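Data first, discussion second: the structure below is written as C-alpha cells.
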Number of protein chains: 2
Amino acid sequence: MPSTLIKGKYVLCKVGSQDKVEVITDGAVFQKDGEIIDVGKYDTIKACYAADEEIGSDQHMVLPGLVNAHQHTRGVSHLLRGASDDSLELWLIRLLEQKPVDPYLDNMYSIARLIESGVTTVMHSHFPTSPHYEEGVMSALKAFQDGGIRVAFALGIRNQNHLVYEDDQKFLNLLPPSLATRARQYCADWVSEEEYFALFARLHKEYETNTSPTVRILHGPAAPQWCSDELLIRVKRSADEYQTGIHAHMLETIYQKLYAFKRFGKTFVEHLNDIGFLGPGVSFAHCIWVTESDIELLAESGASVCHNPSSNLRSKSGIAPINYMMANGVNVALGMDSFTINDDDDMLQELRLCANLHRPPGLGKLSPTAGELLKMATVNGAKVTLFSKQIGTLEKGKRADIILVSLESMTEPYLEPELGVINVLLGRGKASDVDTVMIDGEIVLRNRQHTRINKGEIVAQLRESLREALKPSDVVRIRLAQELRPYVFEFYKDWQEPVARPFYIYNSA
Amino acid sequence: MPSTLIKGKYVLCKVGSQDKVEVITDGAVFQKDGEIIDVGKYDTIKACYAADEEIGSDQHMVLPGLVNAHQHTRGVSHLLRGASDDSLELWLIRLLEQKPVDPYLDNMYSIARLIESGVTTVMHSHFPTSPHYEEGVMSALKAFQDGGIRVAFALGIRNQNHLVYEDDQKFLNLLPPSLATRARQYCADWVSEEEYFALFARLHKEYETNTSPTVRILHGPAAPQWCSDELLIRVKRSADEYQTGIHAHMLETIYQKLYAFKRFGKTFVEHLNDIGFLGPGVSFAHCIWVTESDIELLAESGASVCHNPSSNLRSKSGIAPINYMMANGVNVALGMDSFTINDDDDMLQELRLCANLHRPPGLGKLSPTAGELLKMATVNGAKVTLFSKQIGTLEKGKRADIILVSLESMTEPYLEPELGVINVLLGRGKASDVDTVMIDGEIVLRNRQHTRINKGEIVAQLRESLREALKPSDVVRIRLAQELRPYVFEFYKDWQEPVARPFYIYNSA
C-alpha cells in the first residue's frame, strides 16, 4: 500500500482535554500501510518523509474520519419506497408497505453516500427480518467489505411484541379474525434464537480469525420491549464470553417509557440494571425518554448513548436530553439512523442539527461545545464501535481514517484567518464539501469520485429492480400493514404520561 | 416581454380548501407580460397558446415562487464576519464585532442566494443602524430592484433599550465610567423619528407612484421592547394613513416575555392590543414566547406571525408554538431571518426544518401538514408582504412568479409514480434542486445561472473589501462590544420565569 502525505490548511488532530479542539495550521499527516506515522507542520512532515503520493492543499481541512454510531441498511429512501414519515409506532407498520429492495445493492448505495459524507466507520444495527435472515446479513456484510468502510455489525434479534408493546397474542385478540390470522403469520416469521446464536458464533469466529481490521461483530438485541429478559440475559452472557459489545435501541418514544412502567413498574434502565445488562460495552440508540436517575445509572455503568437527532424528529419521538447526559459523564455518540432530516445521510449536517437542537433558551444554559460535538462524531463513536484503539483522532499509531474537506464554499466569500475555523466547519460544512476520504490507508473517495464503488451502476440497478411489479407476497404484506394501522393507533390511544418536567423548555403557555 | 410556456411533470398550482395541495400531472403554465394566462394539462396549454419560449420538462416540478417572510441584509455570514452564534441578547452585542461590509454588495449577494433557493419575494426587515441610515436603505432598495426580486421593505426604527431590555440610562449607570461614556455614544447613534418618518413618506410616495409592481414600503418598528408606546402609536397611525403594513419582531426570547411583565404587568400582545396596535396588516417575526391567550388575541386581530425556525435555534431563543397558532387560525408565514441552520438561505431546507421541529411526540398530536407547510411558504407569506393579489398560487390573473425544481436528485434512484411527490419535495428538496426562477415574468435564474446578477463579481468584490484592514472606528466598536458582553450577561442573570407549562414536550425527567 502506498504511503501518503496529507496536507491541510488546518489539520484537526483531536479533541483534547477540556474539550479543546487541537488544530495545526498549515499542517500535514503522513501515513504508511494504513498507519499514521506522524502529524505536524507541513514543512516539517514534508522534510522528514518521502511519500508515494501527496494529497490535499491549503484549500483543505483535514479531519479524522467520522463515525456514524447508529444506522440500518436503508440506501433507498423510505419516502421513495412508499413509507411516509409518521409517529414511530405507526411508521414501523408503514415500513411493511415499502417496495422490497435488494439488500446488497441497497446497502452499497447507502455506503456510497456515507463515504461521500465523510463517514469512515458505522455502527450497523441489522434489522432482524426473516425469512432470508442469514442471506440479508451476509449481503450486508459483503457490501461493507466491498465498499471498504469500517463497520461494527450488530446482529439483530427480537422475540416479542412484534406489532405493539404488548404480548402478541393479547394484541391479536383485539383484531378481526381474518386480520388476526394474517398478523399471526407475520409475528411468527422471525429468526429463531438458535439460528441467531449459531450465526453470531460463526461470524464472530470468521472475523476474529481473519485479518480484516475493519469488521467487529456485536450483539444487536433490538430493544428491551422487543426482547424477553431471558434473551437479553443470554445475549449479555454471550457478549461477555466473546468479549464483544452490545448495541440496542432504547426509550425511543414515550410509549416505550410507559410500557416499561406497565411491564416492570420501573424504567427500562432500572430494569436492565437489575438484570445486569448494563456495562461499558453496551450502547443504546435514542434514549430520549430517560429520567434523571436513568442518566445517572447509564453514566455509572459506563454504557453509551447513540443520539439520532434527525430520526427522532422525523419519527415524532422527541429530543434526547444529551446536554444532561454529557454533563453527567455519559459517553454520547452521534448516529444518523439512515433517516436524516434531508434524507441524504449528511453527517456534517447531522452534527449541526444536533448542535442546534440542544440550544435550549437561557443565557447560562448548557449547550454542546464545538469540542463536544466533534467528539461525538469521532472518539465517542469510536468507543461504541469498539475501534477506540484504531480511530477517532489523528495521532501516531492510529489507523489512517482521514477526510479532506474543501474550504472553498464553507468560506465564501471570506474567512478571517484567525477566526474559529471549527465554528465554520460546524456551522457551514456539508457532505458536498467532503472532497477525499481515506479508510485504513486506502483512498475510497478522491475529488468526490468513488474509487471502489460504481455508484452510477448501483443506482441504475436499483432503479431497474424498483420498477418491477410487486410480487403477490408483497401485495399481501402491504394490505396487512394498511389494515393493521388503525388498530395500532387505537391500541395506544389512552396511553398518557402523567405530567412530568421536561429537560428542555423551548416555549411556554 | 416574451410569453413563456412552463412545462412540468407536476405543476403545484395552489393549496386549496382543507389544505389540499392541488397538483396537475403533466401540466403547464402559460404566462405573457408577467401575467399567468392559463394553467392546465401540458397538451391542452400547448395546443391553445403560441409561446415565444418553452421551458421545463417532464423532469421538473413547477411551483409558485417561495416567500421568505422575514430577513435582514446579511449576505456575508455573520460567522465569517466574526460573530459566533450565541444567545440572542449576547449575539446582538456580538454583531458589533463584525467586520463592516458594503450594504449594496452584501444585499446583492444575499439576493443571489435567495433566488437560487427559489425565493421570489422577501419581507425585508431593514435594521435601523445609523450613521448612514438613509444611504443603507437606498443601497438595499437598489439591490432588490437590480436583483429583480419582489420585496416588502419594512423600514426600521427603534428608540429605546439599545443595549439591554431596560432604559439606557439605568443600564449605563451599571457600567464603569469609561465604558459608559462609549456605550452612551452608541445609544445616541440611531436614526431620529423625524428623519425616519420623512424617509418613509418619501419612499412610500416614490413606490406608490412609480410603475414597479415589485416593491412595497412598510413600517418596521423593531420590536415592542425597542420602541416607545408613542412611537408605536405614531407608526400605527401612519400605516393606517398610508394604507400599508407593519412588520416588527416580537417575543423572540424569554427575556422579552419577562421584560413585558416587568414593564407593563402583562404580555406584549396584551399591551399592543390595549394600545390598538394589532390588526390584519401587522406581522410579527418570531413570537416564540406567546401565551395561549396571546395566540387568541393575535388570531382575533388578524395579525400574522413570521416563523424563523433556524434562527430561533441558533440564537437559543426556542421553538415558536406554531401548531397552536395555526389551530387557532393565526396566519403563519415562514422566514429565514438571514440566519438559517446551514448558513446558506435554503428555503426548502427551512421548510423541512420547520416541518420537523413541530412534530412533538404523541400519536394523535398535531404536526403541520404538507398543505400547511406549503401555504406558509406561499400564500401566507404573500399576505404578510401585501402581495396577496399578485402571488402565492399559480392561477389565471396572478403574476408569473414561478420556480422549476429538478426531480432528478430528489427522486434518485426511483419514485413510485403515484406516490406523494409533495412529500418528496418537502422531505428531500434543496436549493440545489432549484433549476429556474421567474419573477414577474422575467427569468432571473436559468439552469442555475443568474441572468441579472454577476455573482462571481459580487463575491470577488466582497472578498476584496473584507480583506481590507479595520478602520479605527471599527476597532473602537469591536472593543466596546467585547467589553460590554459580560455586563449584558450579568444584567439578565437573575431573570427567571416562574415554572410554566410548555406547549411542546420533547422529553421528560
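Residue numbering restarts at 1 for every chain of the C-alpha cells, chains are lettered A, B, ... in their displayed order, and ligands are numbered from 1 as they appear.
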*Within 6 Å of chain A, which residues of chain B are there when counting only C-alpha atoms? Please give them as a ChimeraX atom specification.*
/B:80,87,289,291-292,313-314,316-319,342-343,356,359-361,363,413-415,428,459,463,500-503,506-509
*Please report, as an MDAnalysis selection string, each residue of region 349-453 of chain A to which DSSP assigns strand (DSSP E) when run on this structure's backbone.*
chainID A and resid 402:406 434:439 442:446 449:450
*Would you work out the distance separating CA of Ala239 (chain A) from CA of His219 (chain A), expressed in Å to one decimal?*
6.8 Å
*asked:* Residues within 6 Å of Ala222 (chain A), please, as a PyMOL selection string. Count only C-alpha atoms; anything in the same chain fewer than 6 positions from it doesn't count.
replied: chain A and resi 157-158+248-249
*Minimum-distance residue to Val476 (chain A), chosen among A:Val151, A:Ile217, A:Leu105, A:Ala183 (using only C-alpha atoms)*: A:Ala183
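The interatomic distance for the pair CA of Gln256 (chain B) and CA of Gln225 (chain B) works out to 7.1 Å.
For the choices A:Arg485, A:His60, A:Arg150, A:Arg113, the atom-to-atom distance to Trp91 (chain A) is smallest for A:Arg485 when using only C-alpha atoms.
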*Rounded to one decimal place, report the CA of Asn273 (chain B)-CA of Asp240 (chain B) distance in Å.*
15.7 Å
*DSSP on the backbone, then: every residue of region 56-235 of chain B marked helix (DSSP H, G or I), written as a PyMOL selection string.*
chain B and resi 78-81+88-97+103-116+133-147+168-172+177-188+193-209+229-235
